[in-house]
Structure formats: structure tokens, C-alpha cells
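J.: Have a peek at my_file.cif (mmCIF, C-alpha atoms).
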data_structure
#
loop_
_atom_site.label_atom_id
_atom_site.label_comp_id
_atom_site.auth_asym_id
_atom_site.auth_seq_id
_atom_site.Cartn_x
_atom_site.Cartn_y
_atom_site.Cartn_z
CA MET A 1476 -6.36 50.99 -80.89
CA HIS A 1477 -2.76 52.05 -81.41
CA GLU A 1478 0.16 52.76 -79.13
CA PRO A 1479 0.80 56.46 -78.46
CA GLY A 1480 3.81 57.84 -80.28
CA VAL A 1481 6.87 59.37 -78.70
CA THR A 1482 5.76 62.90 -79.70
CA GLN A 1483 2.39 62.43 -78.00
CA LEU A 1484 4.03 61.17 -74.82
CA VAL A 1485 6.37 64.17 -74.73
CA LEU A 1486 3.48 66.61 -75.25
CA THR A 1487 1.46 64.92 -72.51
CA ALA A 1488 4.41 65.08 -70.12
CA ASP A 1489 4.91 68.77 -70.92
CA MET A 1490 1.23 69.51 -70.28
CA ASN A 1491 1.33 67.68 -66.96
CA LEU A 1492 4.53 69.48 -65.99
CA ASN A 1493 3.09 72.88 -66.86
CA GLY A 1494 -0.09 72.08 -64.98
CA SER A 1495 1.79 71.07 -61.86
CA ASP A 1496 3.99 74.15 -62.00
CA ASN A 1497 0.99 76.45 -62.39
CA CYS A 1498 0.55 76.67 -58.62
CA THR A 1499 1.51 80.31 -58.17
CA PRO A 1500 -1.37 82.16 -56.47
CA PRO A 1501 -2.63 85.43 -58.03
CA TYR A 1502 -0.67 87.73 -55.70
CA ASP A 1503 -1.61 90.92 -57.57
CA GLN A 1504 -5.36 90.41 -57.24
CA GLY A 1505 -6.93 92.38 -54.41
CA ARG A 1506 -3.73 94.34 -53.70
CA ILE A 1507 -5.28 97.84 -53.75
CA PRO A 1508 -8.46 96.93 -51.77
CA LEU A 1509 -6.33 95.18 -49.14
CA ILE A 1510 -3.97 98.14 -48.71
CA VAL A 1511 -6.93 100.54 -48.51
CA LEU A 1512 -8.59 98.27 -45.93
CA TYR A 1513 -5.47 98.02 -43.77
CA SER A 1514 -4.94 101.79 -43.96
CA THR A 1515 -8.57 102.59 -43.10
CA VAL A 1516 -8.59 100.22 -40.13
CA LEU A 1517 -5.33 101.74 -38.86
CA ILE A 1518 -6.56 105.33 -39.24
CA ILE A 1519 -9.83 104.61 -37.40
CA GLY A 1520 -8.63 102.00 -34.93
CA LEU A 1521 -5.44 103.63 -33.67
CA PRO A 1522 -6.95 106.82 -32.15
CA ALA A 1523 -10.12 104.99 -31.09
CA ASN A 1524 -8.21 102.36 -29.12
CA VAL A 1525 -5.79 104.89 -27.60
CA ALA A 1526 -8.77 106.93 -26.38
CA THR A 1527 -10.58 103.88 -25.01
CA ILE A 1528 -7.45 102.73 -23.15
CA PHE A 1529 -7.46 106.02 -21.27
CA MET A 1530 -11.21 105.86 -20.53
CA THR A 1531 -11.30 102.19 -19.52
CA TYR A 1532 -8.23 102.67 -17.29
CA ARG A 1533 -10.24 105.24 -15.32
CA GLN A 1534 -13.00 102.65 -14.99
CA VAL A 1535 -10.54 100.03 -13.75
CA ARG A 1536 -9.32 102.43 -11.07
CA ARG A 1537 -12.94 102.74 -9.95
CA LYS A 1538 -13.13 98.95 -9.45
CA ASN A 1539 -15.24 98.32 -12.56
CA VAL A 1540 -14.97 94.60 -13.42
CA LEU A 1541 -16.02 95.00 -17.06
CA GLY A 1542 -13.29 97.63 -17.38
CA ILE A 1543 -10.63 94.91 -16.99
CA TYR A 1544 -11.86 93.10 -20.10
CA LEU A 1545 -12.42 96.29 -22.09
CA LEU A 1546 -8.97 97.66 -21.21
CA SER A 1547 -7.34 94.34 -22.14
CA LEU A 1548 -9.35 94.26 -25.38
CA SER A 1549 -8.18 97.75 -26.35
CA LEU A 1550 -4.54 96.92 -25.54
CA CYS A 1551 -4.84 93.72 -27.56
CA ASP A 1552 -6.39 95.53 -30.52
CA LEU A 1553 -3.67 98.19 -30.35
CA MET A 1554 -0.95 95.53 -30.62
CA TYR A 1555 -2.92 93.89 -33.43
CA LEU A 1556 -3.09 97.20 -35.31
CA GLY A 1557 0.65 97.67 -34.83
CA THR A 1558 1.36 94.83 -37.29
CA LEU A 1559 -0.77 96.32 -40.09
CA PRO A 1560 1.88 98.69 -41.54
CA MET A 1561 4.21 95.72 -42.10
CA TRP A 1562 1.46 93.68 -43.75
CA ALA A 1563 0.44 96.64 -45.92
CA ALA A 1564 4.07 97.06 -47.05
CA TYR A 1565 4.27 93.31 -47.70
CA VAL A 1566 1.15 93.35 -49.90
CA ASN A 1567 2.28 96.51 -51.69
CA ALA A 1568 5.63 94.87 -52.51
CA GLY A 1569 3.86 92.05 -54.34
CA HIS A 1570 3.87 89.72 -51.32
CA GLN A 1571 7.65 89.98 -50.96
CA TRP A 1572 8.76 90.10 -47.31
CA MET A 1573 11.47 92.76 -47.02
CA TYR A 1574 12.70 91.80 -43.56
CA SER A 1575 14.21 88.75 -41.90
CA SER A 1576 12.58 85.38 -41.21
CA ILE A 1577 12.42 86.09 -37.48
CA ALA A 1578 10.63 89.39 -38.22
CA CYS A 1579 8.11 87.46 -40.35
CA LYS A 1580 7.50 84.91 -37.61
CA VAL A 1581 7.28 87.47 -34.79
CA THR A 1582 4.88 89.68 -36.78
CA SER A 1583 2.69 86.67 -37.66
CA TYR A 1584 2.84 85.45 -34.05
CA VAL A 1585 1.69 88.84 -32.70
CA PHE A 1586 -0.96 89.17 -35.42
CA PHE A 1587 -2.62 85.79 -34.87
CA ASN A 1588 -2.13 85.83 -31.10
CA ASN A 1589 -3.98 89.11 -30.74
CA MET A 1590 -6.70 88.04 -33.17
CA TYR A 1591 -7.69 85.12 -30.96
CA ILE A 1592 -7.04 86.88 -27.66
CA SER A 1593 -9.43 89.57 -28.92
CA ILE A 1594 -12.03 86.93 -29.86
CA PHE A 1595 -11.86 85.27 -26.44
CA LEU A 1596 -12.00 88.64 -24.66
CA LEU A 1597 -15.16 89.45 -26.63
CA CYS A 1598 -16.60 86.25 -25.15
CA CYS A 1599 -15.54 87.38 -21.66
CA VAL A 1600 -17.29 90.73 -22.16
CA SER A 1601 -20.50 88.99 -23.26
CA VAL A 1602 -20.37 86.44 -20.44
CA ASP A 1603 -19.71 89.19 -17.88
CA ARG A 1604 -22.67 91.23 -19.17
CA TYR A 1605 -24.80 88.07 -19.17
CA VAL A 1606 -23.95 87.31 -15.53
CA ALA A 1607 -24.50 90.94 -14.49
CA VAL A 1608 -27.93 91.12 -16.17
CA VAL A 1609 -29.40 87.64 -15.73
CA TYR A 1610 -27.91 86.97 -12.27
CA ALA A 1611 -27.79 90.53 -10.98
CA VAL A 1612 -28.13 89.60 -7.28
CA GLU A 1613 -26.13 86.35 -7.27
CA SER A 1614 -23.23 87.83 -9.25
CA ARG A 1615 -22.27 90.49 -6.71
CA GLY A 1616 -19.79 88.18 -5.05
CA LEU A 1617 -18.58 86.56 -8.27
CA ARG A 1618 -17.74 89.57 -10.43
CA ARG A 1619 -14.40 90.69 -9.05
CA GLN A 1620 -11.52 92.48 -10.71
CA LYS A 1621 -8.99 89.94 -9.46
CA LEU A 1622 -10.90 87.07 -11.10
CA ALA A 1623 -11.28 89.06 -14.34
CA GLY A 1624 -7.54 89.75 -14.33
CA MET A 1625 -6.72 86.07 -13.80
CA ILE A 1626 -9.07 85.01 -16.62
CA THR A 1627 -7.50 87.55 -18.97
CA LEU A 1628 -3.99 86.41 -18.06
CA GLY A 1629 -5.00 82.76 -18.56
CA ILE A 1630 -6.40 83.52 -22.04
CA CYS A 1631 -3.19 85.33 -23.04
CA LEU A 1632 -0.98 82.47 -21.84
CA VAL A 1633 -3.03 79.70 -23.49
CA VAL A 1634 -3.20 81.50 -26.85
CA ALA A 1635 0.50 82.45 -26.69
CA VAL A 1636 1.57 78.85 -26.00
CA GLY A 1637 -0.83 77.52 -28.65
CA HIS A 1638 0.80 79.65 -31.34
CA LEU A 1639 4.42 78.83 -30.47
CA PRO A 1640 4.68 76.33 -33.38
CA VAL A 1641 4.62 79.38 -35.67
CA PHE A 1642 8.36 79.72 -34.97
CA THR A 1643 9.04 76.20 -36.26
CA MET A 1644 6.97 76.34 -39.46
CA SER A 1645 8.81 76.49 -42.77
CA GLU A 1646 6.19 78.94 -44.11
CA GLY A 1647 8.00 81.66 -42.17
CA ASN A 1648 11.47 81.03 -43.65
CA VAL A 1649 11.63 83.94 -46.07
CA GLU A 1650 15.34 83.62 -46.89
CA THR A 1651 14.59 80.55 -49.01
CA GLY A 1652 12.44 80.67 -52.14
CA GLU A 1653 10.42 83.75 -53.09
CA ARG A 1654 10.43 85.54 -49.70
CA ARG A 1655 6.81 84.71 -48.91
CA CYS A 1656 5.65 85.14 -45.32
CA PHE A 1657 3.09 82.53 -44.23
CA GLU A 1658 1.33 82.36 -47.57
CA PRO A 1659 -1.36 79.65 -47.89
CA GLY A 1660 0.47 77.28 -50.21
CA GLN A 1661 0.27 73.49 -50.26
CA SER A 1662 -1.26 72.43 -46.96
CA THR A 1663 0.59 70.18 -44.55
CA ALA A 1664 -0.74 68.02 -41.72
CA THR A 1665 0.43 70.61 -39.15
CA VAL A 1666 -1.25 73.52 -40.95
CA THR A 1667 -4.43 71.46 -41.43
CA GLY A 1668 -4.57 70.67 -37.72
CA PHE A 1669 -4.14 74.36 -36.93
CA ASN A 1670 -6.94 75.27 -39.34
CA TYR A 1671 -9.37 72.83 -37.70
CA ALA A 1672 -8.45 74.14 -34.23
CA ARG A 1673 -8.80 77.76 -35.30
CA PHE A 1674 -12.23 77.17 -36.79
CA PHE A 1675 -13.77 75.20 -33.93
CA ILE A 1676 -11.94 76.67 -30.91
CA GLY A 1677 -11.25 80.15 -32.24
CA PHE A 1678 -14.52 80.80 -34.09
CA PHE A 1679 -17.37 78.30 -33.72
CA ILE A 1680 -17.32 78.00 -29.91
CA PRO A 1681 -16.91 81.80 -29.36
CA LEU A 1682 -19.76 82.43 -31.82
CA ALA A 1683 -22.00 80.03 -29.87
CA ILE A 1684 -21.09 81.82 -26.62
CA LEU A 1685 -21.89 85.23 -28.12
CA VAL A 1686 -25.23 84.03 -29.51
CA VAL A 1687 -26.34 82.31 -26.29
CA THR A 1688 -25.29 85.11 -23.91
CA ASN A 1689 -26.66 87.97 -26.02
CA ARG A 1690 -29.91 86.12 -26.64
CA SER A 1691 -30.32 85.54 -22.89
CA ILE A 1692 -29.50 89.18 -22.14
CA LEU A 1693 -32.04 90.31 -24.71
CA ALA A 1694 -34.75 87.98 -23.36
CA ASN A 1695 -34.13 89.15 -19.79
CA ILE A 1696 -34.20 92.81 -20.75
CA GLN A 1697 -37.38 92.43 -22.81
CA ALA A 1698 -39.12 90.79 -19.83
CA SER A 1699 -38.10 93.61 -17.50
CA THR A 1700 -40.85 96.02 -16.40
CA SER A 1701 -38.49 98.65 -14.97
CA LEU A 1702 -36.87 99.58 -18.28
CA GLN A 1703 -38.29 101.94 -20.88
CA GLU A 1704 -39.01 100.77 -24.41
CA ARG A 1705 -36.23 102.99 -25.75
CA GLN A 1706 -33.69 101.23 -23.50
CA LYS A 1707 -34.93 97.80 -24.60
CA VAL A 1708 -34.58 98.73 -28.27
CA LYS A 1709 -31.04 99.95 -27.62
CA VAL A 1710 -30.05 96.64 -25.99
CA LYS A 1711 -31.66 94.72 -28.85
CA TYR A 1712 -29.73 96.58 -31.54
CA LEU A 1713 -26.49 96.34 -29.58
CA ALA A 1714 -26.84 92.55 -29.24
CA MET A 1715 -27.60 92.22 -32.95
CA ALA A 1716 -24.66 94.46 -33.87
CA VAL A 1717 -22.21 92.46 -31.73
CA ILE A 1718 -23.10 89.17 -33.45
CA ALA A 1719 -23.38 90.74 -36.92
CA PHE A 1720 -19.95 92.37 -36.75
CA PHE A 1721 -18.40 89.20 -35.36
CA LEU A 1722 -19.78 87.25 -38.32
CA VAL A 1723 -18.75 89.87 -40.88
CA CYS A 1724 -15.21 90.15 -39.52
CA PHE A 1725 -14.40 86.54 -38.68
CA ALA A 1726 -16.79 84.18 -40.49
CA PRO A 1727 -15.34 84.49 -44.04
CA TYR A 1728 -11.76 83.90 -42.88
CA HIS A 1729 -12.58 80.90 -40.70
CA ILE A 1730 -14.89 79.31 -43.27
CA ILE A 1731 -12.03 79.43 -45.78
CA LEU A 1732 -9.71 77.89 -43.18
CA LEU A 1733 -12.21 75.05 -42.73
CA LEU A 1734 -12.48 74.53 -46.50
CA ARG A 1735 -8.70 74.37 -46.82
CA ALA A 1736 -8.54 71.84 -43.97
CA VAL A 1737 -11.21 69.64 -45.56
CA MET A 1738 -9.61 69.83 -49.02
CA TYR A 1739 -6.31 68.63 -47.59
CA HIS A 1740 -7.86 65.14 -47.45
CA TYR A 1741 -8.56 65.20 -51.22
CA ARG A 1742 -5.19 64.80 -52.90
CA ASP A 1743 -6.56 65.39 -56.41
CA PHE A 1744 -7.42 68.97 -55.52
CA GLN A 1745 -4.02 69.44 -53.86
CA GLU A 1746 -2.13 68.27 -56.95
CA LYS A 1747 -4.10 70.33 -59.46
CA CYS A 1748 -3.76 73.56 -57.40
CA HIS A 1749 -7.07 74.82 -58.80
CA PHE A 1750 -8.69 75.10 -55.38
CA GLU A 1751 -5.76 76.94 -53.74
CA ASN A 1752 -5.46 79.39 -56.63
CA SER A 1753 -9.19 80.13 -56.82
CA ILE A 1754 -9.52 80.65 -53.07
CA TYR A 1755 -6.37 82.77 -52.62
CA THR A 1756 -7.91 86.20 -53.29
CA PRO A 1757 -10.99 85.56 -51.08
CA TYR A 1758 -8.58 84.31 -48.39
CA THR A 1759 -6.46 87.49 -48.39
CA ILE A 1760 -9.53 89.75 -48.44
CA SER A 1761 -11.15 87.80 -45.58
CA LEU A 1762 -7.93 88.03 -43.56
CA GLY A 1763 -7.91 91.78 -44.11
CA LEU A 1764 -11.59 91.95 -43.18
CA SER A 1765 -10.81 90.32 -39.81
CA THR A 1766 -8.72 93.39 -38.89
CA PHE A 1767 -11.82 95.60 -39.16
CA ASN A 1768 -12.95 94.20 -35.82
CA SER A 1769 -10.15 96.12 -34.08
CA ALA A 1770 -11.59 99.42 -35.28
CA MET A 1771 -15.17 98.51 -34.33
CA ASN A 1772 -14.57 97.17 -30.82
CA PRO A 1773 -14.20 100.65 -29.23
CA ILE A 1774 -17.48 101.77 -30.80
CA LEU A 1775 -19.49 98.63 -30.02
CA TYR A 1776 -18.27 97.85 -26.52
CA VAL A 1777 -16.66 100.92 -25.02
CA LEU A 1778 -18.75 103.75 -26.39
CA ALA A 1779 -21.92 101.71 -25.80
CA SER A 1780 -21.13 101.57 -22.07
CA ASP A 1781 -23.11 103.97 -19.93
CA ASN A 1782 -20.12 104.58 -17.65
CA ILE A 1783 -17.85 105.40 -20.58
CA ARG A 1784 -20.39 107.79 -22.08
CA LYS A 1785 -20.62 109.54 -18.71
CA GLU A 1786 -16.82 109.84 -18.74
CA ILE A 1787 -16.94 111.41 -22.20
CA ARG A 1788 -19.69 113.85 -21.23
CA HIS A 1789 -17.83 114.77 -18.04
CA GLY A 1790 -14.60 115.29 -19.98
CA LEU A 1791 -16.31 117.45 -22.62
CA ALA A 1792 -18.08 119.50 -19.94
CA SER A 1793 -14.83 120.15 -18.06
CA PHE A 1794 -13.10 121.06 -21.34
CA ARG A 1795 -15.85 123.55 -22.20
CA SER A 1796 -15.76 125.09 -18.72
CA ARG A 1797 -12.00 125.52 -18.95
CA SER A 1798 -12.22 127.05 -22.44
CA THR A 1799 -14.90 129.54 -21.30
CA LEU A 1800 -13.10 130.48 -18.08
CA GLN A 1801 -9.77 131.13 -19.78
CA PRO A 1802 -10.91 134.18 -21.82
CA ARG A 1803 -12.54 135.69 -18.71
CA CYS A 1804 -9.31 135.35 -16.77
CA THR A 1805 -7.36 137.04 -19.55
CA ASP A 1806 -9.93 139.85 -19.77
CA SER A 1807 -9.80 140.50 -16.02
CA SER A 1808 -6.07 140.64 -16.07
#
Show how you would write the structure in this file as C-alpha cells.
T.:
Amino acid sequence: MHEPGVTQLVLTADMNLNGSDNCTPPYDQGRIPLIVLYSTVLIIGLPANVATIFMTYRQVRRKNVLGIYLLSLSLCDLMYLGTLPMWAAYVNAGHQWMYSSIACKVTSYVFFNNMYISIFLLCCVSVDRYVAVVYAVESRGLRRQKLAGMITLGICLVVAVGHLPVFTMSEGNVETGERRCFEPGQSTATVTGFNYARFFIGFFIPLAILVVTNRSILANIQASTSLQERQKVKVKYLAMAVIAFFLVCFAPYHIILLLRAVMYHYRDFQEKCHFENSIYTPYTISLGLSTFNSAMNPILYVLASDNIRKEIRHGLASFRSRSTLQPRCTDSS
């Protein structure tokens, strides 16, 4: 055995230094798919949610309890979609935030607020349908618009207060460093705590609620003798679609959040940066995938409603009658 020479020590130090500095995530990977995804969601979701706001507002005026949740969900999704152009520009600029720190924090605050408000409203829709189907007689006195409005307001306030620490996090200070806006860099205790809370409170519990309520709805409908087989099949596929789209949109993102939270406790992985770099591209794609839910909600929940479909048919019929009457009036004149 011999003592290492000075040259060997210098080379080892240089290798360690280069390894520790090699913590820059691959920002260019997934840039085009992410921009295409944001643009597609915006093109589909914007008109769909504007249309459903109009239709669900008519239902609210007719004292429809479910309409409160669906209207709130569409408004929430519309605000959520409103942040996508800024995120698309951010990704296109190589993850360089072109605006101020307060703009970064406000945009992130609105983005994540509306993501979780939307998730909790999806739970409200499923619970309301569950109560209306399984406890059809008993729920007549419970399902009231005032209660639905109070629940919606409570969800908005709790989520808004829960995300206030966003304004104190250094990840939103874009004036310092490389102008990154809430990029998943080296985890801190605060970020790790948020990741655990978002997984269990913002994903796992809502998923359990959706599974239990939709399974109970399906079992009750299948046991019904007054419904036709075609109606039962429709309810079955709708329940499966609700859970499937929830998993596709939100499971990848929240699983990665959980992995990042767990890896925070293993300092070796934190120092080597291999885990953060390898998971960065899946993280950004999964975050973009979560926005797809905003485009699908109007189709799954609003257009699947019998009352909404009646509104659409009535609107189309009145439009056709007007378009056929107009030429006759001009001919007679």
C-alpha cells in the first residue's frame, strides 16, 4: 500500500467537484411534447369550459344541486387553463421565466390551487351522485344548493390558505440565479412536507372517495330492476372512465412527488443528483398530463348529464327552428 500522490488527490477532487456540479436537469428534453400538450389542452378545454359554464349556470338557476359543483368545476378549470400560455412560453424559452418573481408565484399559486380545488370538486360530484342514487329518498332534504355552495366555498378557502407558503418559497425568486420558476431542484424539508401532503390529501384520499362512491353507484344501478340494460352499461362505462381519467391525469405526477419526498431522506441520492436528473423529464411530462383533466371534465361530467344533454338538444332545436323560419320571413316580405 502506498500513499496517494498530490496529482491523484487533485484529480479526485476535480472529479468530485464536477460530479457535484452536474446537477443541472435536462431542461430541453420533452420541450416540444409539453408545448403541444399545453396547446392542445387549451384549444379543447377553453371553448368546452366556456360552453359548460353557460349550460350549468342555467341548471343552477333551476335549483339543480349538482349544477353548483359542475359550474364551480368549470370556473376552476377555466382559471387553471388561463395559466397554460405562461407555462408554455416558459418551457419554450428553455425554462427561463420572462416575468417578475411575483408573477411566477401568483401563476404557480393559481395553477396549483385550481388543480386541487378541481380534484376536491370531482369528489363532491361523485359524493353527490352517490347520495342521490344510493339514498334517493333520504337525500331529498340533504341535497340543497345552499349546502353545496358552502362546501364549495370551504374547499376554495382551505386550498387557498394551504398554498399560501408558495409566496415565501425561494423557488419562486426568479431574479436570483437562472430565472427558474418553481423547478424541482434539491428538495428541502418544506417542499418534502408539501409533497407528502399533496400525495395523501390531494390524491390518495380523493382517489379512494372516487373508487368507493362510483363502485357503490354501479352496484346500486346494476341491482335496479327499473333501468334498461343500455342505461346500466352507460353508467358502468361512465364510472370506469371517471376513475381511469383521474388515474391517467393525476397518478403519474403524484407518484413522482411521493418518490421525491421519500428520496429526501436518503442524502446519498440528494448529493449525487442522479435521481433528480433522471426523474426531471417524467416529472415535467406528468405535470403537463395533469392539465389534460381540465379538457376532459366537461365531456365526462357535464355532457354525460341528462339535464345538460336536454339543454343542448333544446338549444339546437331552437336554433334550427330560427334558421328555418328566417328564410320564410324574408320570402314573404
J.: Exactly which residues make up the result of the PyMOL selection byres ((chain A and resi 1720-1733) around 8) on this file, given as a ChimeraX atom specification?
T.: /A:1670-1671,1673-1674,1678,1682,1716-1719,1734-1737,1754,1758,1761-1762,1764-1768
J.: Near segment 1576-1578 of chain A, within 12 Å and counting only C-alpha atoms, which residues show up once chain neighbours fewer than 4 positions away are dropped, as a PyMOL selection string?
T.: chain A and resi 1558+1561-1562+1571-1572+1582-1586+1641-1652+1654-1657
J.: Check what the PyMOL selection byres ((chain A and resi 1517-1523) around 7) selects in the file above and give those residues as a PDB file with C-alpha atoms, in the frame of the given file.
T.:
ATOM      1  CA  TYR A1513      -5.470  98.020 -43.770  1.00  0.00           C
ATOM      2  CA  SER A1514      -4.940 101.790 -43.960  1.00  0.00           C
ATOM      3  CA  THR A1515      -8.570 102.590 -43.100  1.00  0.00           C
ATOM      4  CA  VAL A1516      -8.590 100.220 -40.130  1.00  0.00           C
ATOM      5  CA  ASN A1524      -8.210 102.360 -29.120  1.00  0.00           C
ATOM      6  CA  VAL A1525      -5.790 104.890 -27.600  1.00  0.00           C
ATOM      7  CA  ALA A1526      -8.770 106.930 -26.380  1.00  0.00           C
ATOM      8  CA  THR A1527     -10.580 103.880 -25.010  1.00  0.00           C
ATOM      9  CA  LEU A1553      -3.670  98.190 -30.350  1.00  0.00           C
ATOM     10  CA  LEU A1556      -3.090  97.200 -35.310  1.00  0.00           C
ATOM     11  CA  SER A1769     -10.150  96.120 -34.080  1.00  0.00           C
ATOM     12  CA  ALA A1770     -11.590  99.420 -35.280  1.00  0.00           C
ATOM     13  CA  PRO A1773     -14.200 100.650 -29.230  1.00  0.00           C
TER      14      PRO A1773
END
J.: On this file, the PyMOL selection byres ((chain A and resi 1567) around 10) gives some set of residues; write that set as a list in words.
T.: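 Here the PyMOL selection byres ((chain A and resi 1567) around 10) matches Asp1503, Arg1506, Ile1507, Leu1509, Ile1510, Met1561, Trp1562, Ala1563, Ala1564, Tyr1565, Val1566, Ala1568, Gly1569, His1570 and Gln1571 of chain A.
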J.: For a quick check of understanding, using all atoms listed in the file, which of A:Gln1620, A:Asn1752, A:Thr1665, A:Thr1700 has the smallest distance to Asp1603 of chain A?
T.: A:Gln1620
J.: Go ahead and compute the interatomic distance for atom CA of Val1535 of chain A and atom CA of Ile1692 of chain A, in Å to one decimal.
T.: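 Going from atom CA of Val1535 of chain A over to atom CA of Ile1692 of chain A, I get 23.4 Å.
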J.: Can you tell me how far atom CA of Thr1531 of chain A sits from atom CA of Leu1545 of chain A, in Å to one decimal?
T.: 6.5 Å
J.: Residues at most 6 Å from segment 1588-1602 of chain A, counting all atoms listed in the file, excluding those fewer than 4 positions away in the same chain, as a list in words?
T.: Leu1548, Cys1551, Tyr1555 and Tyr1584 of chain A
J.: May I ask for the distance between atom CA of Ile1774 of chain A and atom CA of Arg1536 of chain A, given in Å to one decimal place?
T.: 21.4 Å
J.: Excluding Thr1756 of chain A and any residue of its chain fewer than 2 positions from it, enumerate the residues within 8 Å of it, using all atoms listed in the file, and give them as a PyMOL selection string.
T.: chain A and resi 1501-1502+1504-1505+1752-1754+1758-1760
J.: Emit as JSON the padded axis-aligned box for all listed atoms of segment 1578-1590 of chain A, 3 Å per side, with centre and edge lengths in Å to one decimal.
T.:
{"center_x": 2.0, "center_y": 87.3, "center_z": -35.5, "size_x": 23.3, "size_y": 10.8, "size_z": 15.6}
J.: Would you mind telling me which residue in A:Ser1701, A:Thr1667, A:Gln1534, A:Ser1547 lies nearest to Cys1631 of chain A when using all atoms listed in the file?
T.: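 Using all atoms listed in the file, the shortest distance to Cys1631 of chain A belongs to A:Ser1547.
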J.: Point out the residue among A:Ala1623, A:Leu1639, A:Met1715, A:Thr1688 with the least atom-to-atom distance to Leu1541 of chain A, counting all atoms listed in the file.
T.: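 Among the listed residues, the smallest separation from Leu1541 of chain A belongs to A:Ala1623.
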